[in-house]
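Colleague: Sharing upload36.txt (compact mmCIF, C-alpha atoms) below.
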# COMPACT_ATOMS: atom_id res chain seq x y z
CA MET A 371 46.92 277.98 33.14
CA GLU A 372 44.55 275.46 34.66
CA GLU A 373 45.41 272.95 32.02
CA ARG A 374 49.11 273.39 32.74
CA ASP A 375 48.54 272.76 36.45
CA ASP A 376 46.57 269.68 35.66
CA THR A 377 49.39 268.37 33.52
CA MET A 378 51.93 269.00 36.25
CA ASP A 379 49.66 267.26 38.77
CA ARG A 380 49.30 264.18 36.59
CA ILE A 381 53.04 263.97 36.05
CA HIS A 382 53.64 264.43 39.75
CA GLU A 383 51.12 261.72 40.63
CA ALA A 384 52.73 259.39 38.13
CA GLU A 385 56.13 260.05 39.65
CA VAL A 386 54.85 259.50 43.18
CA ALA A 387 53.19 256.25 42.11
CA ALA A 388 56.42 255.21 40.38
CA GLN A 389 58.44 255.94 43.50
CA LYS A 390 56.04 253.87 45.60
CA ARG A 391 56.27 250.94 43.15
CA ILE A 392 60.04 251.13 43.27
CA GLU A 393 60.08 251.28 47.06
CA LYS A 394 57.71 248.31 47.16
CA ALA A 395 59.95 246.43 44.72
CA GLU A 396 63.01 247.23 46.83
CA THR A 397 61.22 245.98 49.95
CA LYS A 398 60.31 242.78 48.14
CA ALA A 399 63.91 242.43 46.91
CA ARG A 400 65.14 242.86 50.48
CA GLN A 401 62.71 240.20 51.65
CA ILE A 402 63.94 237.88 48.91
CA ARG A 403 67.57 238.44 49.98
CA ASP A 404 66.68 237.99 53.65
CA SER A 405 64.78 234.78 52.95
CA VAL A 406 67.82 233.36 51.16
CA GLU A 407 69.90 233.01 54.34
CA ALA A 408 67.12 231.10 56.06
CA GLU A 409 66.89 228.85 53.02
CA VAL A 410 70.68 228.38 53.04
CA ARG A 411 70.53 227.36 56.70
CA ARG A 412 67.77 224.87 55.90
CA ILE A 413 69.80 223.42 53.02
CA THR A 414 72.92 223.12 55.20
CA THR A 415 71.01 221.57 58.10
CA ARG A 416 69.23 219.11 55.81
CA ALA A 417 72.54 218.06 54.20
CA GLU A 418 74.21 217.63 57.59
CA ASP A 419 71.26 215.59 58.83
CA GLU A 420 71.42 213.39 55.75
CA GLY A 421 75.18 213.05 56.17
CA ARG A 422 74.83 212.06 59.84
CA GLU A 423 72.06 209.60 58.98
CA GLU A 424 74.29 207.95 56.36
CA ALA A 425 77.20 207.98 58.80
CA ALA A 426 75.06 206.17 61.38
CA ARG A 427 74.11 203.59 58.74
CA ILE A 428 77.79 203.10 57.87
CA ARG A 429 78.68 202.63 61.55
CA ALA A 430 75.90 200.08 61.95
CA GLU A 431 77.14 198.26 58.87
CA ILE A 432 80.71 198.25 60.23
CA GLU A 433 79.43 196.90 63.54
CA ARG A 434 77.80 194.05 61.62
CA GLN A 435 81.04 193.43 59.70
CA ARG A 436 82.98 193.51 62.98
CA GLU A 437 80.74 190.85 64.50
CA GLU A 438 81.16 188.71 61.37
CA ALA A 439 84.95 189.14 61.41
CA VAL A 440 85.19 188.32 65.12
CA LYS A 441 83.00 185.23 64.60
CA ALA A 442 85.19 184.07 61.70
CA ILE A 443 88.38 184.59 63.70
CA GLU A 444 86.83 182.84 66.71
CA LYS A 445 85.82 179.89 64.51
CA ASP A 446 89.34 179.60 63.03
CA THR A 447 90.89 179.88 66.48
CA GLN A 448 88.63 177.21 67.91
CA LYS A 449 89.52 174.91 65.03
CA ARG A 450 93.23 175.57 65.57
CA ILE A 451 92.87 175.00 69.34
CA SER A 452 91.12 171.68 68.76
CA GLU A 453 93.91 170.62 66.38
CA ILE A 454 96.59 171.61 68.89
CA GLU A 455 94.81 169.81 71.75
CA ALA A 456 94.43 166.69 69.62
CA LEU A 457 98.11 166.79 68.60
CA GLY A 458 99.08 167.45 72.22
CA ARG A 459 97.16 164.38 73.37
CA GLU A 460 98.48 162.23 70.54
CA LYS A 461 102.11 163.23 70.99
CA HIS A 462 102.19 163.72 74.76
CA GLY A 463 103.94 160.43 75.55
CA GLN A 464 106.53 160.84 72.80
CA ALA A 465 107.25 164.42 73.90
CA VAL A 466 107.69 163.42 77.56
CA GLU A 467 109.97 160.55 76.54
CA THR A 468 112.12 162.81 74.35
CA ALA A 469 112.41 165.49 77.05
CA LEU A 470 113.28 162.85 79.65
CA LYS A 471 116.03 161.42 77.46
CA MET A 472 117.48 164.87 76.92
CA ILE A 473 117.47 165.63 80.65
CA LEU A 474 119.09 162.29 81.40
CA GLY A 475 121.63 162.81 78.63
CA GLU A 476 120.46 159.83 76.61
CA GLU A 477 120.15 161.85 73.42
CA MET B 666 46.58 265.96 26.94
CA SER B 667 48.14 263.36 24.68
CA GLY B 668 51.57 264.75 25.53
CA VAL B 669 50.92 264.26 29.21
CA ASN B 670 49.63 260.74 28.61
CA GLY B 671 52.83 259.96 26.81
CA ILE B 672 54.92 261.24 29.70
CA VAL B 673 52.87 259.29 32.24
CA GLU B 674 53.10 256.14 30.13
CA MET B 675 56.82 256.63 29.82
CA ILE B 676 57.16 257.06 33.60
CA GLU B 677 55.12 253.90 34.13
CA ARG B 678 57.11 251.93 31.57
CA LYS B 679 60.43 253.06 33.02
CA THR B 680 59.12 252.23 36.51
CA SER B 681 58.04 248.79 35.38
CA GLU B 682 61.48 248.21 33.90
CA LYS B 683 63.16 249.39 37.11
CA VAL B 684 60.86 247.24 39.29
CA GLU B 685 61.53 244.25 37.07
CA GLU B 686 65.27 244.87 37.28
CA ILE B 687 65.21 245.18 41.10
CA ILE B 688 63.26 241.93 41.50
CA LYS B 689 65.34 240.14 38.87
CA LYS B 690 68.57 241.13 40.62
CA ALA B 691 67.21 239.82 43.92
CA GLU B 692 66.00 236.59 42.29
CA ASP B 693 69.36 236.13 40.53
CA TYR B 694 71.16 236.68 43.81
CA LYS B 695 68.86 234.14 45.46
CA ALA B 696 69.36 231.57 42.71
CA LYS B 697 73.15 231.93 42.81
CA ARG B 698 73.30 231.87 46.61
CA ILE B 699 71.07 228.78 46.81
CA ALA B 700 73.07 227.01 44.11
CA LYS B 701 76.31 227.77 45.96
CA ALA B 702 74.76 226.71 49.28
CA GLU B 703 73.59 223.43 47.74
CA GLU B 704 77.06 222.76 46.43
CA GLU B 705 78.61 223.52 49.81
CA ALA B 706 75.95 221.46 51.60
CA GLU B 707 76.60 218.50 49.31
CA ARG B 708 80.32 218.79 49.99
CA ARG B 709 79.64 218.99 53.72
CA LYS B 710 77.34 215.96 53.56
CA GLN B 711 79.95 214.01 51.59
CA SER B 712 82.64 215.07 54.03
CA ILE B 713 80.59 213.76 56.98
CA ILE B 714 80.00 210.47 55.14
CA ASP B 715 83.64 210.11 54.06
CA GLU B 716 84.87 210.81 57.57
CA ALA B 717 82.43 208.26 59.02
CA ARG B 718 83.54 205.70 56.41
CA ARG B 719 87.24 206.32 57.17
CA GLU B 720 86.67 206.08 60.91
CA ALA B 721 84.55 202.97 60.52
CA GLN B 722 87.12 201.23 58.32
CA ALA B 723 89.92 202.11 60.73
CA LEU B 724 87.79 200.86 63.62
CA LEU B 725 87.04 197.62 61.79
CA LYS B 726 90.75 197.07 61.11
CA ARG B 727 91.54 197.73 64.78
CA TYR B 728 88.82 195.32 65.90
CA GLU B 729 90.09 192.65 63.52
CA ALA B 730 93.71 193.15 64.55
CA SER B 731 92.72 193.01 68.20
CA ALA B 732 90.65 189.84 67.71
CA LYS B 733 93.52 188.21 65.81
CA LEU B 734 95.94 189.16 68.55
CA ARG B 735 93.64 187.74 71.23
CA ALA B 736 93.31 184.54 69.18
CA LYS B 737 97.09 184.32 68.81
CA HIS B 738 97.51 184.75 72.58
CA ARG B 739 94.99 181.99 73.24
CA VAL B 740 96.86 179.62 70.93
CA LEU B 741 100.21 180.53 72.46
CA GLU B 742 98.86 180.12 75.99
CA LEU B 743 97.46 176.72 75.10
CA LYS B 744 100.76 175.63 73.54
CA SER B 745 102.65 176.89 76.55
CA LYS B 746 100.29 175.03 78.90
CA ILE B 747 100.65 171.78 76.95
CA MET B 748 104.45 172.18 76.82
CA THR B 749 104.63 172.95 80.53
CA GLU B 750 102.60 169.82 81.31
CA VAL B 751 104.97 167.72 79.22
CA LEU B 752 108.10 169.28 80.73
CA ASP B 753 106.77 169.03 84.29
CA GLU B 754 106.05 165.36 83.76
CA ALA B 755 109.47 164.77 82.19
CA VAL B 756 111.23 166.62 85.03
CA GLU B 757 109.28 164.66 87.64
CA LYS B 758 110.25 161.40 85.95
CA ALA B 759 113.87 162.58 85.71
CA LYS B 760 113.91 163.32 89.42
CA GLN B 761 112.69 159.79 90.06
CA VAL B 762 115.64 158.34 88.14
CA ARG B 763 117.37 157.84 91.50
CA THR B 764 114.83 155.10 92.28
CA GLN B 765 115.44 153.29 88.99
CA PRO B 766 117.63 150.20 88.74
CA ASP B 767 119.79 151.84 86.07
CA TYR B 768 120.47 154.98 88.10
CA LYS B 769 124.10 153.97 88.20
CA VAL B 770 124.22 154.13 84.40
CA PHE B 771 122.86 157.67 84.48
CA LEU B 772 125.30 158.81 87.15
CA THR B 773 128.23 157.26 85.25
CA ARG B 774 127.15 159.05 82.08
CA MET B 775 126.90 162.36 83.95
CA VAL B 776 130.36 161.95 85.51
CA VAL B 777 131.92 161.02 82.17
CA GLU B 778 130.25 163.97 80.43
CA GLY B 779 131.42 166.38 83.14
CA ALA B 780 134.95 165.01 83.18
CA ASP B 781 135.14 165.19 79.40
CA ALA B 782 134.10 168.86 79.45
CA LEU B 783 136.49 169.86 82.26
CA GLU B 784 139.56 168.01 80.88
CA ALA B 785 141.22 168.20 84.33
CA PRO B 786 143.60 165.55 85.71
CA GLU B 787 141.92 165.62 89.10
CA MET B 788 138.25 166.11 89.79
CA GLU B 789 135.91 166.03 92.74
CA LEU B 790 132.43 164.53 92.55
CA ALA B 791 129.55 165.87 94.64
CA PHE B 792 126.40 163.74 94.77
CA PRO B 793 123.08 164.29 96.54
CA ALA B 794 123.23 162.92 100.05
CA GLY B 795 123.51 159.13 100.10
CA GLN B 796 123.69 158.72 96.32
CA GLU B 797 127.49 158.35 96.27
CA LYS B 798 126.87 154.79 97.42
CA VAL B 799 125.30 153.94 94.07
CA VAL B 800 128.64 154.22 92.25
CA SER B 801 132.24 153.32 92.90
CA ILE B 802 135.10 155.71 92.27
CA SER B 803 137.19 153.01 90.58
CA GLU B 804 134.40 152.14 88.14
CA LEU B 805 133.84 155.79 87.37
CA THR B 806 137.58 156.33 86.81
CA LYS B 807 137.60 153.43 84.36
CA ALA B 808 134.54 154.76 82.58
CA VAL B 809 136.17 158.17 82.15
CA LYS B 810 139.36 156.58 80.85
CA LYS B 811 137.36 154.46 78.42
CA SER B 812 135.38 157.40 77.11
CA THR B 813 138.06 160.12 77.03
CA GLY B 814 141.28 158.09 76.88
CA ARG B 815 142.68 160.10 79.77
CA ASP B 816 143.79 158.94 83.20
CA VAL B 817 142.06 160.99 85.86
CA LYS B 818 141.95 161.03 89.61
CA LEU B 819 138.42 161.23 90.98
CA THR B 820 137.55 161.91 94.61
CA LEU B 821 134.29 162.14 96.47
CA SER B 822 133.34 165.51 97.85
CA LYS B 823 132.67 165.60 101.57
CA GLU B 824 129.79 167.98 101.02
CA PRO B 825 126.70 166.61 99.31
CA VAL B 826 124.96 168.63 96.63
CA ASN B 827 121.39 169.78 97.13
CA ALA B 828 119.56 168.09 94.24
CA SER B 829 117.18 165.22 93.58
CA ALA B 830 119.60 163.30 91.37
CA GLY B 831 122.83 163.72 89.37
CA VAL B 832 126.30 164.94 90.14
CA VAL B 833 128.47 168.03 90.20
CA VAL B 834 131.92 167.43 88.71
CA ARG B 835 134.50 170.06 89.68
CA THR B 836 138.20 170.78 89.84
CA PRO B 837 139.71 170.48 93.33
CA ASP B 838 140.26 174.27 93.51
CA ASN B 839 136.53 174.66 92.83
CA ARG B 840 137.21 177.12 90.01
CA ARG B 841 135.60 175.12 87.25
CA TRP B 842 132.70 172.74 87.41
CA VAL B 843 129.96 171.03 85.47
CA ASP B 844 126.64 170.83 87.27
CA ASN B 845 125.00 167.66 85.99
CA THR B 846 122.26 167.44 88.58
CA VAL B 847 118.77 166.97 87.14
CA GLU B 848 117.69 170.43 88.26
CA ALA B 849 120.71 172.15 86.70
CA ARG B 850 120.35 170.19 83.46
CA VAL B 851 116.68 171.13 83.19
CA GLN B 852 117.61 174.77 83.65
CA ARG B 853 120.53 174.59 81.22
CA LEU B 854 118.62 172.70 78.56
CA GLU B 855 115.35 174.60 78.92
CA ASN B 856 115.41 176.20 75.46
CA GLN B 857 116.49 172.98 73.75
CA LEU B 858 113.84 171.04 75.67
CA ARG B 859 111.15 173.51 74.64
CA ASP B 860 112.26 173.43 71.02
CA ALA B 861 112.31 169.64 70.91
CA VAL B 862 108.98 169.28 72.67
CA SER B 863 107.42 171.97 70.49
CA ARG B 864 108.62 170.24 67.32
CA ILE B 865 107.04 166.97 68.43
CA LEU B 866 103.80 168.44 69.73
CA PHE B 867 102.98 171.12 67.22
CA ARG B 868 104.63 170.14 63.97
CA GLN B 869 101.98 170.31 61.28
CA LYS B 870 101.35 167.08 59.45
Produce structure tokens that represent the structure in this file.
Modeller:
Amino acid sequence: MEERDDTMDRIHEAEVAAQKRIEKAETKARQIRDSVEAEVRRITTRAEDEGREEAARIRAEIERQREEAVKAIEKDTQKRISEIEALGREKHGQAVETALKMILGEE
Amino acid sequence: MSGVNGIVEMIERKTSEKVEEIIKKAEDYKAKRIAKAEEEAERRKQSIIDEARREAQALLKRYEASAKLRAKHRVLELKSKIMTEVLDEAVEKAKQVRTQPDYKVFLTRMVVEGADALEAPEMELAFPAGQEKVVSISELTKAVKKSTGRDVKLTLSKEPVNASAGVVVRTPDNRRWVDNTVEARVQRLENQLRDAVSRILFRQK
């Protein structure tokens, strides 16, 4: 009878221990699941930061390209203006003479 | 006791399997969730970059278009300024034609041109005050006849025209006229003058 009780006790203890291990495992599993969302937020934040950093670099690069483009256009314009001024000076007399003749009905 | 040991061992083995399964499920969930989050994060990152690139390119195009437009305006303003200087000088010289020795030639040409356009048998001539003395009606009548082949009767208007030089030729009923004063001609010929001056000044070699 004593032996039978002892057997039951050992089985009971083993079951209790098993239940505790399972509960502990479930707690750990819950912690793992909970930690995932924090990790997801970190991943998302890091990616957004990297994206914004790259976006800032792109904007800076575009700003540089804009300055270059504006300089090139300015250079072309200045060249064109100089040509027009030179032509204007060279042809001024002829243009006045032609306009005068037209006004006076000479041509 | 060996039977009990077997049962206990079995309980422990089953427990170990269960524990392993619980943790494995959680780890699998974590791995899948992280993998999915990394994919989504990469897409989000790429989306931020793509959007910035699109915006930046659009901005660059706008800047370039704006700079080109400003440059075009500068060139047009310069051309307009040069043309205006030329036209102002020409108009000023034209107004001074009344002081030139050949002013009579100009007035005759303007009368003939006006008479030719009106094709009227009788016409009245209005000159700026005092300038009617430069010409004679008989000479003008002859000049019109010579140029158009028509006999016309020309008379001097009693009212002078308000202009620096030139003449207004009109029918006696004042219903038709040709304003050949310098000011009216400048106004009438403005587009042609600008075209001609522009061709001379800005034609590329």
Colleague: Distance cut-off 6 Å, counting all atoms listed in the file - which residues of chain A neighbour chain B? Return them as JSON, numbers by chain.
Modeller: {"A": [384, 388, 392, 395, 399, 406, 410, 414, 417, 418, 421, 425, 429, 436, 447, 458, 461, 465, 466, 469, 470]}
Colleague: When you draw a straight line from CA of Asp838 in chain B to CA of Val777 in chain B, how long is it in Å?
Modeller: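 Computing it gives 19.3 Å between the two atoms.
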Colleague: Report the centre and edge lengths, in Å to one decimal, of an axis-aligned box enclosing every atom of range 752-763 of chain B listed in the file, padded by 3 Å on each side, as JSON.
Modeller:
{"center_x": 111.7, "center_y": 163.6, "center_z": 86.1, "size_x": 17.3, "size_y": 17.4, "size_z": 16.8}
Colleague: To one decimal in Å, tell me the separation between CA of Lys445 in chain A and CA of Ile432 in chain A.
Modeller: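 The value is 19.5 Å.
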Colleague: Using all atoms listed in the file, which of B:Gln761, B:Ser667, B:Asn839, B:Ser803 sits nearest Ala785 in chain B?
Modeller: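 Among the listed residues, the smallest separation from Ala785 in chain B belongs to B:Asn839.
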Colleague: Tell me which of B:Lys811, B:Lys798, B:Arg763, B:Lys769 sits closest to Ala830 in chain B, counting only C-alpha atoms.
Modeller: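 Closest candidate: B:Arg763.
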Colleague: Using Å and a single decimal, report how far CA of Arg450 in chain A sits from CA of Glu438 in chain A.
Modeller: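 Computing the Euclidean distance for CA of Glu438 in chain A and CA of Arg450 in chain A yields 18.3 Å.
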Colleague: With all atoms listed in the file as the basis for distance, which of B:Lys746, B:Ala794, B:Met788, B:Val770 is at the shortest distance from Glu476 in chain A?
Modeller: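 Between B:Lys746, B:Ala794, B:Met788, B:Val770, the residue approaching Glu476 in chain A most closely is B:Val770.
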Colleague: Assuming the input is short of atoms at range 735-750 of chain B, produce N, CA and C atoms for that part as an mmCIF file, in the coordinates of the input.
Modeller:
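Produced file selection.cif, reproduced below:
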data_model
loop_
_atom_site.group_PDB
_atom_site.id
_atom_site.type_symbol
_atom_site.label_atom_id
_atom_site.label_comp_id
_atom_site.auth_asym_id
_atom_site.auth_seq_id
_atom_site.Cartn_x
_atom_site.Cartn_y
_atom_site.Cartn_z
ATOM 1 N N ARG B 735 94.191 188.532 70.113
ATOM 2 C CA ARG B 735 93.640 187.740 71.230
ATOM 3 C C ARG B 735 93.675 186.244 70.890
ATOM 4 N N ALA B 736 93.318 185.940 69.619
ATOM 5 C CA ALA B 736 93.310 184.540 69.180
ATOM 6 C C ALA B 736 94.731 183.967 69.244
ATOM 7 N N LYS B 737 95.692 184.765 68.804
ATOM 8 C CA LYS B 737 97.090 184.320 68.810
ATOM 9 C C LYS B 737 97.544 184.042 70.256
ATOM 10 N N HIS B 738 97.155 184.951 71.175
ATOM 11 C CA HIS B 738 97.510 184.750 72.580
ATOM 12 C C HIS B 738 96.906 183.464 73.133
ATOM 13 N N ARG B 739 95.647 183.202 72.750
ATOM 14 C CA ARG B 739 94.990 181.990 73.240
ATOM 15 C C ARG B 739 95.739 180.752 72.773
ATOM 16 N N VAL B 740 96.135 180.765 71.488
ATOM 17 C CA VAL B 740 96.860 179.620 70.930
ATOM 18 C C VAL B 740 98.213 179.468 71.626
ATOM 19 N N LEU B 741 98.895 180.593 71.806
ATOM 20 C CA LEU B 741 100.210 180.530 72.460
ATOM 21 C C LEU B 741 100.096 180.049 73.906
ATOM 22 N N GLU B 742 99.065 180.547 74.597
ATOM 23 C CA GLU B 742 98.860 180.120 75.990
ATOM 24 C C GLU B 742 98.589 178.624 76.063
ATOM 25 N N LEU B 743 97.772 178.151 75.120
ATOM 26 C CA LEU B 743 97.460 176.720 75.100
ATOM 27 C C LEU B 743 98.729 175.905 74.840
ATOM 28 N N LYS B 744 99.515 176.348 73.850
ATOM 29 C CA LYS B 744 100.760 175.630 73.540
ATOM 30 C C LYS B 744 101.687 175.624 74.752
ATOM 31 N N SER B 745 101.783 176.782 75.381
ATOM 32 C CA SER B 745 102.650 176.890 76.550
ATOM 33 C C SER B 745 102.174 175.957 77.656
ATOM 34 N N LYS B 746 100.857 175.892 77.855
ATOM 35 C CA LYS B 746 100.290 175.030 78.900
ATOM 36 C C LYS B 746 100.600 173.556 78.599
ATOM 37 N N ILE B 747 100.391 173.171 77.340
ATOM 38 C CA ILE B 747 100.650 171.780 76.950
ATOM 39 C C ILE B 747 102.143 171.454 77.124
ATOM 40 N N MET B 748 103.003 172.391 76.694
ATOM 41 C CA MET B 748 104.450 172.180 76.820
ATOM 42 C C MET B 748 104.862 172.072 78.281
ATOM 43 N N THR B 749 104.290 172.963 79.101
ATOM 44 C CA THR B 749 104.630 172.950 80.530
ATOM 45 C C THR B 749 104.214 171.617 81.166
ATOM 46 N N GLU B 750 103.047 171.109 80.769
ATOM 47 C CA GLU B 750 102.600 169.820 81.310
ATOM 48 C C GLU B 750 103.590 168.711 80.940
#
